[in-house]
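Have a look at target26.txt; it's compact mmCIF, C-alpha atoms and all ligand atoms:
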# COMPACT_ATOMS: atom_id res chain seq x y z
CA MET A 1177 113.42 -134.84 -11.03
CA THR A 1178 110.04 -133.28 -11.63
CA THR A 1179 108.34 -131.50 -8.82
CA SER A 1180 104.63 -131.09 -9.00
CA LEU A 1181 103.16 -127.69 -8.22
CA PRO A 1182 101.33 -127.52 -4.91
CA GLN A 1183 97.60 -127.92 -5.47
CA ASP A 1184 95.50 -125.34 -3.74
CA GLU A 1185 92.82 -126.76 -1.52
CA PRO A 1186 89.17 -126.32 -2.46
CA LEU A 1187 86.96 -124.44 -0.02
CA SER A 1188 84.72 -126.50 2.25
CA ARG A 1189 81.09 -126.78 1.11
CA ASP A 1190 80.05 -124.16 3.65
CA ALA A 1191 82.85 -121.73 2.79
CA PHE A 1192 82.16 -122.11 -0.94
CA THR A 1193 78.44 -121.48 -0.34
CA GLU A 1194 79.37 -118.38 1.64
CA ALA A 1195 81.63 -117.15 -1.17
CA LEU A 1196 78.78 -117.50 -3.68
CA PHE A 1197 76.36 -115.62 -1.43
CA ALA A 1198 78.97 -112.91 -0.87
CA VAL A 1199 78.86 -112.08 -4.59
CA GLY A 1200 75.14 -111.31 -4.36
CA GLU A 1201 75.55 -109.47 -1.10
CA ARG A 1202 78.15 -107.22 -2.67
CA GLN A 1203 76.88 -106.62 -6.17
CA TYR A 1204 73.40 -107.95 -7.00
CA HIS A 1205 71.26 -105.45 -8.87
CA ASP A 1206 68.95 -104.88 -5.90
CA LEU A 1207 71.60 -102.30 -4.92
CA HIS A 1208 71.24 -100.36 -8.17
CA PRO A 1209 69.82 -96.81 -7.88
CA PHE A 1210 67.42 -97.51 -10.76
CA HIS A 1211 65.79 -100.29 -8.72
CA LYS A 1212 65.59 -98.04 -5.67
CA LEU A 1213 63.72 -95.45 -7.76
CA LEU A 1214 61.52 -98.11 -9.39
CA HIS A 1215 60.51 -99.81 -6.16
CA GLY A 1216 60.24 -96.57 -4.22
CA GLY A 1217 57.58 -95.16 -6.55
CA LYS A 1218 59.92 -92.43 -7.75
CA LEU A 1219 59.62 -93.10 -11.48
CA ALA A 1220 57.15 -91.60 -13.93
CA LYS A 1221 55.03 -93.99 -15.95
CA GLY A 1222 57.21 -93.57 -19.04
CA GLN A 1223 60.31 -94.59 -17.10
CA VAL A 1224 58.57 -97.71 -15.78
CA GLN A 1225 57.46 -98.46 -19.35
CA ALA A 1226 61.09 -98.20 -20.49
CA TRP A 1227 62.19 -100.64 -17.79
CA ALA A 1228 59.43 -103.18 -18.59
CA LEU A 1229 60.05 -102.91 -22.33
CA ASN A 1230 63.79 -103.49 -21.98
CA ARG A 1231 63.38 -106.21 -19.43
CA PHE A 1232 61.12 -108.06 -21.88
CA TYR A 1233 64.25 -108.89 -23.87
CA TYR A 1234 65.70 -110.61 -20.79
CA GLN A 1235 62.45 -112.53 -20.36
CA VAL A 1236 62.33 -113.85 -23.92
CA SER A 1237 66.04 -114.69 -23.85
CA ILE A 1238 65.96 -116.78 -20.66
CA PRO A 1239 64.40 -119.81 -22.43
CA ARG A 1240 66.92 -119.41 -25.28
CA LYS A 1241 69.66 -119.41 -22.65
CA ASP A 1242 68.22 -122.47 -20.90
CA LEU A 1243 67.84 -124.38 -24.16
CA THR A 1244 71.45 -123.52 -24.96
CA ILE A 1245 72.49 -124.96 -21.60
CA MET A 1246 70.39 -128.06 -22.28
CA SER A 1247 72.10 -128.56 -25.62
CA ARG A 1248 75.29 -129.13 -23.62
CA MET A 1249 73.81 -131.70 -21.23
CA ASP A 1250 74.39 -135.38 -21.94
CA ASP A 1251 72.27 -136.68 -19.09
CA PRO A 1252 68.52 -137.04 -19.85
CA ALA A 1253 67.72 -136.80 -16.13
CA LEU A 1254 69.44 -133.43 -15.95
CA ARG A 1255 67.71 -132.23 -19.12
CA ARG A 1256 64.30 -133.23 -17.72
CA VAL A 1257 64.88 -131.09 -14.64
CA TRP A 1258 66.19 -128.13 -16.65
CA LEU A 1259 63.31 -128.29 -19.15
CA GLN A 1260 60.96 -127.06 -16.44
CA ARG A 1261 62.68 -123.65 -16.61
CA VAL A 1262 61.82 -123.33 -20.28
CA LEU A 1263 58.22 -124.32 -19.64
CA ASP A 1264 57.97 -121.82 -16.78
CA HIS A 1265 58.66 -119.01 -19.24
CA ASP A 1266 57.00 -120.38 -22.35
CA GLY A 1267 53.98 -121.82 -20.52
CA LEU A 1268 51.78 -124.60 -21.83
CA GLY A 1269 49.63 -122.24 -23.89
CA PRO A 1270 48.72 -118.58 -24.26
CA ASP A 1271 46.48 -116.48 -22.07
CA GLY A 1272 42.88 -117.70 -22.21
CA GLN A 1273 43.73 -121.06 -23.81
CA VAL A 1274 45.15 -122.89 -20.81
CA GLU A 1275 44.29 -122.80 -17.15
CA GLU A 1276 45.70 -119.81 -15.35
CA GLY A 1277 48.49 -121.70 -13.55
CA ARG A 1278 49.93 -122.90 -16.86
CA VAL A 1279 50.34 -119.51 -18.46
CA GLY A 1280 54.07 -118.81 -18.87
CA GLY A 1281 56.28 -115.99 -17.71
CA ILE A 1282 56.55 -114.34 -21.12
CA GLU A 1283 52.77 -114.02 -21.32
CA ARG A 1284 52.67 -112.76 -17.74
CA TRP A 1285 55.30 -110.13 -18.57
CA LEU A 1286 53.11 -108.99 -21.46
CA ARG A 1287 50.27 -108.50 -18.99
CA LEU A 1288 52.57 -106.09 -17.18
CA THR A 1289 53.42 -104.19 -20.36
CA ASP A 1290 49.67 -104.20 -21.29
CA GLY A 1291 48.89 -102.69 -17.88
CA LEU A 1292 51.50 -100.03 -18.54
CA GLY A 1293 49.78 -99.12 -21.79
CA LEU A 1294 52.42 -100.46 -24.18
CA ASP A 1295 51.40 -102.03 -27.46
CA ARG A 1296 52.13 -105.79 -27.47
CA ASP A 1297 53.36 -105.84 -31.04
CA TYR A 1298 55.79 -103.04 -30.29
CA VAL A 1299 57.04 -104.80 -27.15
CA ARG A 1300 57.44 -108.10 -29.00
CA SER A 1301 59.23 -106.43 -31.91
CA LEU A 1302 62.12 -105.52 -29.55
CA GLU A 1303 62.61 -102.44 -31.70
CA GLY A 1304 62.68 -99.97 -28.84
CA ILE A 1305 65.19 -101.66 -26.55
CA LEU A 1306 68.46 -99.99 -25.67
CA PRO A 1307 71.66 -101.11 -27.41
CA ALA A 1308 73.16 -102.04 -24.03
CA THR A 1309 70.16 -104.23 -23.17
CA ARG A 1310 70.68 -106.22 -26.34
CA PHE A 1311 74.42 -106.64 -25.78
CA ALA A 1312 74.13 -107.51 -22.09
CA VAL A 1313 71.38 -110.07 -22.56
CA ASP A 1314 73.01 -111.65 -25.60
CA ALA A 1315 76.21 -111.95 -23.57
CA TYR A 1316 74.36 -114.26 -21.18
CA VAL A 1317 73.27 -116.60 -23.98
CA HIS A 1318 76.81 -116.61 -25.39
CA PHE A 1319 78.34 -117.18 -21.97
CA VAL A 1320 76.51 -120.45 -21.41
CA LEU A 1321 77.65 -121.69 -24.80
CA ASP A 1322 81.29 -120.66 -24.41
CA HIS A 1323 81.89 -121.85 -20.85
CA THR A 1324 81.70 -125.20 -19.09
CA LEU A 1325 78.33 -126.61 -18.11
CA LEU A 1326 79.29 -126.07 -14.48
CA GLU A 1327 79.95 -122.35 -15.10
CA ALA A 1328 76.73 -122.09 -17.09
CA VAL A 1329 74.75 -123.49 -14.16
CA ALA A 1330 76.65 -121.27 -11.71
CA SER A 1331 75.72 -118.20 -13.76
CA SER A 1332 72.03 -118.90 -13.07
CA LEU A 1333 72.60 -118.63 -9.31
CA THR A 1334 71.73 -114.94 -9.18
CA GLU A 1335 68.28 -116.45 -8.80
CA LEU A 1336 69.28 -117.09 -5.19
CA PHE A 1337 68.76 -113.38 -4.69
CA ALA A 1338 65.78 -112.85 -7.02
CA PRO A 1339 62.90 -113.77 -4.64
CA ALA A 1340 63.90 -110.97 -2.25
CA ILE A 1341 63.89 -108.41 -5.05
CA HIS A 1342 60.59 -109.73 -6.40
CA ARG A 1343 59.02 -109.38 -2.94
CA GLU A 1344 60.39 -105.84 -2.65
CA ARG A 1345 59.02 -105.03 -6.12
CA ILE A 1346 55.52 -106.42 -5.43
CA ALA A 1347 55.29 -104.41 -2.19
CA GLY A 1348 56.73 -101.26 -3.78
CA PHE A 1349 54.46 -101.43 -6.83
CA GLU A 1350 51.36 -102.08 -4.70
CA GLN A 1351 52.17 -99.14 -2.51
CA ASN A 1352 53.24 -96.66 -5.15
CA TYR A 1353 51.76 -97.21 -8.58
CA ALA A 1354 48.18 -97.14 -9.89
CA PHE A 1355 49.01 -99.79 -12.51
CA ALA A 1356 49.71 -102.44 -9.82
CA ASN A 1357 47.03 -105.16 -9.79
CA ASP A 1358 46.74 -108.96 -9.90
CA SER A 1359 47.36 -109.00 -13.63
CA THR A 1360 50.44 -106.74 -13.74
CA LEU A 1361 51.97 -108.39 -10.66
CA SER A 1362 51.23 -111.98 -11.70
CA TYR A 1363 54.71 -112.48 -13.21
CA PHE A 1364 56.46 -111.70 -9.93
CA ARG A 1365 54.06 -113.67 -7.74
CA LYS A 1366 54.52 -116.75 -9.91
CA ARG A 1367 58.33 -116.43 -9.82
CA LEU A 1368 58.18 -116.60 -6.02
CA GLU A 1369 56.98 -120.21 -6.44
CA GLU A 1370 59.34 -121.14 -9.28
CA ALA A 1371 62.69 -119.57 -8.42
CA PRO A 1372 63.34 -121.36 -5.09
CA ARG A 1373 62.89 -124.75 -6.77
CA ASP A 1374 65.32 -123.74 -9.56
CA VAL A 1375 67.99 -122.46 -7.23
CA ASP A 1376 67.79 -125.36 -4.80
CA PHE A 1377 68.67 -127.59 -7.72
CA GLY A 1378 71.23 -125.22 -9.26
CA LEU A 1379 73.04 -124.59 -5.99
CA ALA A 1380 73.23 -128.30 -5.13
CA TYR A 1381 74.55 -129.00 -8.63
CA VAL A 1382 77.29 -126.39 -8.30
CA LEU A 1383 78.27 -127.45 -4.77
CA ASP A 1384 78.45 -131.11 -5.83
CA ASN A 1385 80.31 -130.58 -9.08
CA ALA A 1386 82.82 -127.81 -8.32
CA ARG A 1387 85.36 -130.14 -6.76
CA THR A 1388 88.63 -128.30 -7.30
CA ALA A 1389 89.66 -124.86 -6.13
CA GLU A 1390 89.89 -123.77 -9.76
CA GLN A 1391 86.35 -124.97 -10.52
CA GLN A 1392 85.08 -123.11 -7.48
CA ARG A 1393 86.81 -119.93 -8.64
CA GLN A 1394 85.27 -120.38 -12.10
CA CYS A 1395 81.81 -120.62 -10.54
CA ILE A 1396 82.34 -117.48 -8.48
CA ARG A 1397 83.56 -115.65 -11.59
CA ALA A 1398 80.51 -116.89 -13.53
CA LEU A 1399 78.21 -115.52 -10.85
CA ARG A 1400 80.07 -112.20 -10.87
CA PHE A 1401 79.78 -112.03 -14.64
CA LYS A 1402 76.02 -112.52 -14.31
CA THR A 1403 75.64 -109.79 -11.70
CA GLU A 1404 77.58 -107.49 -14.01
CA LEU A 1405 75.33 -108.10 -16.99
CA LEU A 1406 72.27 -107.43 -14.82
CA TRP A 1407 73.91 -104.25 -13.51
CA ALA A 1408 74.86 -103.04 -16.99
CA GLN A 1409 71.21 -103.19 -18.07
CA LEU A 1410 70.19 -100.87 -15.25
CA ASP A 1411 73.12 -98.50 -15.86
CA ALA A 1412 71.88 -98.13 -19.44
CA LEU A 1413 68.29 -97.55 -18.35
CA HIS A 1414 69.40 -94.96 -15.82
CA HIS A 1415 71.56 -93.15 -18.36
CA ALA A 1416 68.80 -93.05 -20.97
CA TYR A 1417 65.69 -92.46 -18.87
CA VAL A 1418 66.78 -90.89 -15.55
CA SER A 1419 70.03 -88.99 -15.76
CA PRO A 1420 71.33 -87.43 -17.94
CA GLY A 1421 68.31 -88.69 -19.94
CA LEU A 1422 70.12 -89.40 -23.18
CA ILE A 1423 67.90 -91.77 -25.11
CA PRO A 1424 69.86 -93.47 -27.91
CA PRO A 1425 68.47 -92.86 -31.40
CA GLY A 1426 65.91 -95.52 -32.27
CA ALA A 1427 65.18 -96.47 -28.65
CA PHE A 1428 61.78 -96.12 -26.99
CA VAL A 1429 60.74 -92.55 -26.21
CA PRO A 1430 58.13 -92.28 -23.45
CA ASP A 1431 55.27 -89.82 -23.99
CA ASP A 1432 56.34 -87.90 -20.90
CA MET A 1433 59.97 -87.38 -22.01
CA THR A 1434 61.44 -85.25 -24.75
CA PRO A 1435 64.58 -86.85 -26.15
CA THR A 1436 67.77 -84.91 -26.64
CA ARG A 1437 68.54 -84.84 -30.34
CA TYR A 1438 71.91 -86.22 -31.30
CA THR A 1439 73.51 -84.05 -33.99
CA ARG A 1440 76.50 -84.43 -36.25
O1 LIG A 1501 63.63 -109.31 -11.40
C1 LIG A 1501 64.79 -109.69 -11.19
O2 LIG A 1501 65.59 -108.99 -10.59
C2 LIG A 1501 65.22 -111.00 -11.71
C3 LIG A 1501 66.54 -111.36 -11.70
C4 LIG A 1501 66.92 -112.59 -12.24
C5 LIG A 1501 68.34 -112.91 -12.13
O3 LIG A 1501 68.89 -112.72 -11.04
O4 LIG A 1501 68.94 -113.29 -13.12
C6 LIG A 1501 65.96 -113.42 -12.84
C7 LIG A 1501 64.63 -112.99 -12.77
N1 LIG A 1501 64.27 -111.82 -12.22
C8 LIG A 1501 63.58 -113.79 -13.31
O5 LIG A 1501 62.41 -113.40 -13.21
C9 LIG A 1501 63.88 -115.00 -13.97
O6 LIG A 1501 62.97 -115.68 -14.44
C10 LIG A 1501 65.21 -115.40 -14.05
C11 LIG A 1501 65.81 -116.50 -14.66
C12 LIG A 1501 67.14 -116.34 -14.49
C13 LIG A 1501 68.25 -117.17 -14.95
O7 LIG A 1501 69.38 -116.73 -14.83
O8 LIG A 1501 67.99 -118.27 -15.48
N2 LIG A 1501 67.38 -115.21 -13.79
C14 LIG A 1501 66.23 -114.63 -13.51
Just dump the structure as structure tokens.
Ligand SMILES: O=C(O)c1cc(C(=O)O)c2c(n1)C(=O)C(=O)c1cc(C(=O)O)[nH]c1-2
Amino acid sequence: MTTSLPQDEPLSRDAFTEALFAVGERQYHDLHPFHKLLHGGKLAKGQVQAWALNRFYYQVSIPRKDLTIMSRMDDPALRRVWLQRVLDHDGLGPDGQVEEGRVGGIERWLRLTDGLGLDRDYVRSLEGILPATRFAVDAYVHFVLDHTLLEAVASSLTELFAPAIHRERIAGFEQNYAFANDSTLSYFRKRLEEAPRDVDFGLAYVLDNARTAEQQRQCIRALRFKTELLWAQLDALHHAYVSPGLIPPGAFVPDDMTPTRYTR
């Protein structure tokens, strides 16, 4: 006689929602000391430059990640919804060539790096980013290819917590840094409109499609993975540009920092 293993019960919709939020509550990167320094006005210009330069790689990789997710979707209706995320970052044209509201997030991020005095070609070249930034961000693109569509969507749910950090950043920058103005803050202000729409859809998708206890656990793990790759980027920035200040060879060196030379 064969006995079937007992199936564990999935969490209720409310309990599953709570479990997803608990991941952000416990380990979203708003808790990272680098963000506390950044938002609290405690960083020198060169350190803010290093953050913006590294974060640019995340910005340019988000549309690659979303197109990778779309390549796994069979449903045109789902693809139409998801496409908006790509357009939010790529925009419908560059600065000056389309109306202001249609300029994308990548262009807006470049306004921030312009305002910080970084050369656009250098920023776009990605030559100065930290090794850990490259590995962490690439891991996100690989994750959405290697895991189920449901896990890929779940991994985007850190955006549930992003509007709060964007609000904190806008207020902190306005209060503490001379470079804060409508142009350098435009990326974050625009995300406050876009992110809630994305996460409403993403959260409903995950809640509707994670039907078994195992699928729910996979979604929670996917969200944890995402918080970890965001955290790892800030650990690397802190190590290189705050303490102990060990800038890896080849990475961006701010004018106001002298790098430690690595010797053989
Ligand atoms: O500044 C931030 O802390 C932050 C975090 C995140 C996030 O949680 O992944 C995103 C963003 N910003 C963001 O601007 C953005 O466009 C974005 C897209 C995604 C995603 O996973 O698809 N996350 C985020």
Between atom CA of A:Val1224 and atom CA of A:Phe1349 - distance in Å to one decimal: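 Separation of atom CA of A:Phe1349 and atom CA of A:Val1224: 10.5 Å.
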Residues at most 9 Å from ligand LIG 1501 (chain A), using only C-alpha atoms and all ligand atoms? Could they come as a compact mmCIF listing (two decimals) with C-alpha atoms, keeping the file's coordinate frame?
# COMPACT_ATOMS: atom_id res chain seq x y z
CA TYR A 1204 73.40 -107.95 -7.00
CA HIS A 1205 71.26 -105.45 -8.87
CA ASP A 1206 68.95 -104.88 -5.90
CA HIS A 1211 65.79 -100.29 -8.72
CA ARG A 1231 63.38 -106.21 -19.43
CA TYR A 1234 65.70 -110.61 -20.79
CA GLN A 1235 62.45 -112.53 -20.36
CA ILE A 1238 65.96 -116.78 -20.66
CA PRO A 1239 64.40 -119.81 -22.43
CA LYS A 1241 69.66 -119.41 -22.65
CA ASP A 1242 68.22 -122.47 -20.90
CA ARG A 1261 62.68 -123.65 -16.61
CA ASP A 1264 57.97 -121.82 -16.78
CA HIS A 1265 58.66 -119.01 -19.24
CA GLY A 1281 56.28 -115.99 -17.71
CA TYR A 1316 74.36 -114.26 -21.18
CA VAL A 1329 74.75 -123.49 -14.16
CA SER A 1331 75.72 -118.20 -13.76
CA SER A 1332 72.03 -118.90 -13.07
CA LEU A 1333 72.60 -118.63 -9.31
CA THR A 1334 71.73 -114.94 -9.18
CA GLU A 1335 68.28 -116.45 -8.80
CA LEU A 1336 69.28 -117.09 -5.19
CA PHE A 1337 68.76 -113.38 -4.69
CA ALA A 1338 65.78 -112.85 -7.02
CA PRO A 1339 62.90 -113.77 -4.64
CA ALA A 1340 63.90 -110.97 -2.25
CA ILE A 1341 63.89 -108.41 -5.05
CA HIS A 1342 60.59 -109.73 -6.40
CA ARG A 1345 59.02 -105.03 -6.12
CA TYR A 1363 54.71 -112.48 -13.21
CA PHE A 1364 56.46 -111.70 -9.93
CA ARG A 1367 58.33 -116.43 -9.82
CA LEU A 1368 58.18 -116.60 -6.02
CA GLU A 1370 59.34 -121.14 -9.28
CA ALA A 1371 62.69 -119.57 -8.42
CA ASP A 1374 65.32 -123.74 -9.56
CA LYS A 1402 76.02 -112.52 -14.31
CA THR A 1403 75.64 -109.79 -11.70
CA LEU A 1406 72.27 -107.43 -14.82
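The closest residue to A:Leu1196, picked from A:Trp1407, A:Phe1311, A:Glu1283, A:Ile1396 and counting all atoms listed in the file, is A:Ile1396.
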Find the residues with any atom within 9 Å of (56.4, -88.7, -21.5); use only C-alpha atoms and the coordinates as given in the file, and write the answer as a list in words.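 Every polymer residue passing the test: Ala1220, Lys1221, Gly1222, Gln1223, Val1429, Pro1430, Asp1431, Asp1432, Met1433 and Thr1434 of chain A.
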As an exercise, work out the distance from atom CA of A:Leu1254 to atom CA of A:Arg1373 in Å and give it to one decimal place.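 Those two atoms sit 14.2 Å apart.
Taking atom CA of A:Phe1192 and atom CA of A:Val1382 as endpoints, the distance between them is 9.8 Å.
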Among the residues A:Gly1304, A:Gly1277, A:Gly1269, A:Pro1186, the one that comes closest to A:Gln1225 [using only C-alpha atoms]: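 Among the listed residues, A:Gly1304 lies closest to A:Gln1225.
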Nearest to A:Leu1302, chosen from A:Asp1411, A:Trp1258, A:Ala1228, A:Met1246, with only C-alpha atoms counted in the distances: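 Selected residue with least distance to A:Leu1302: A:Ala1228.
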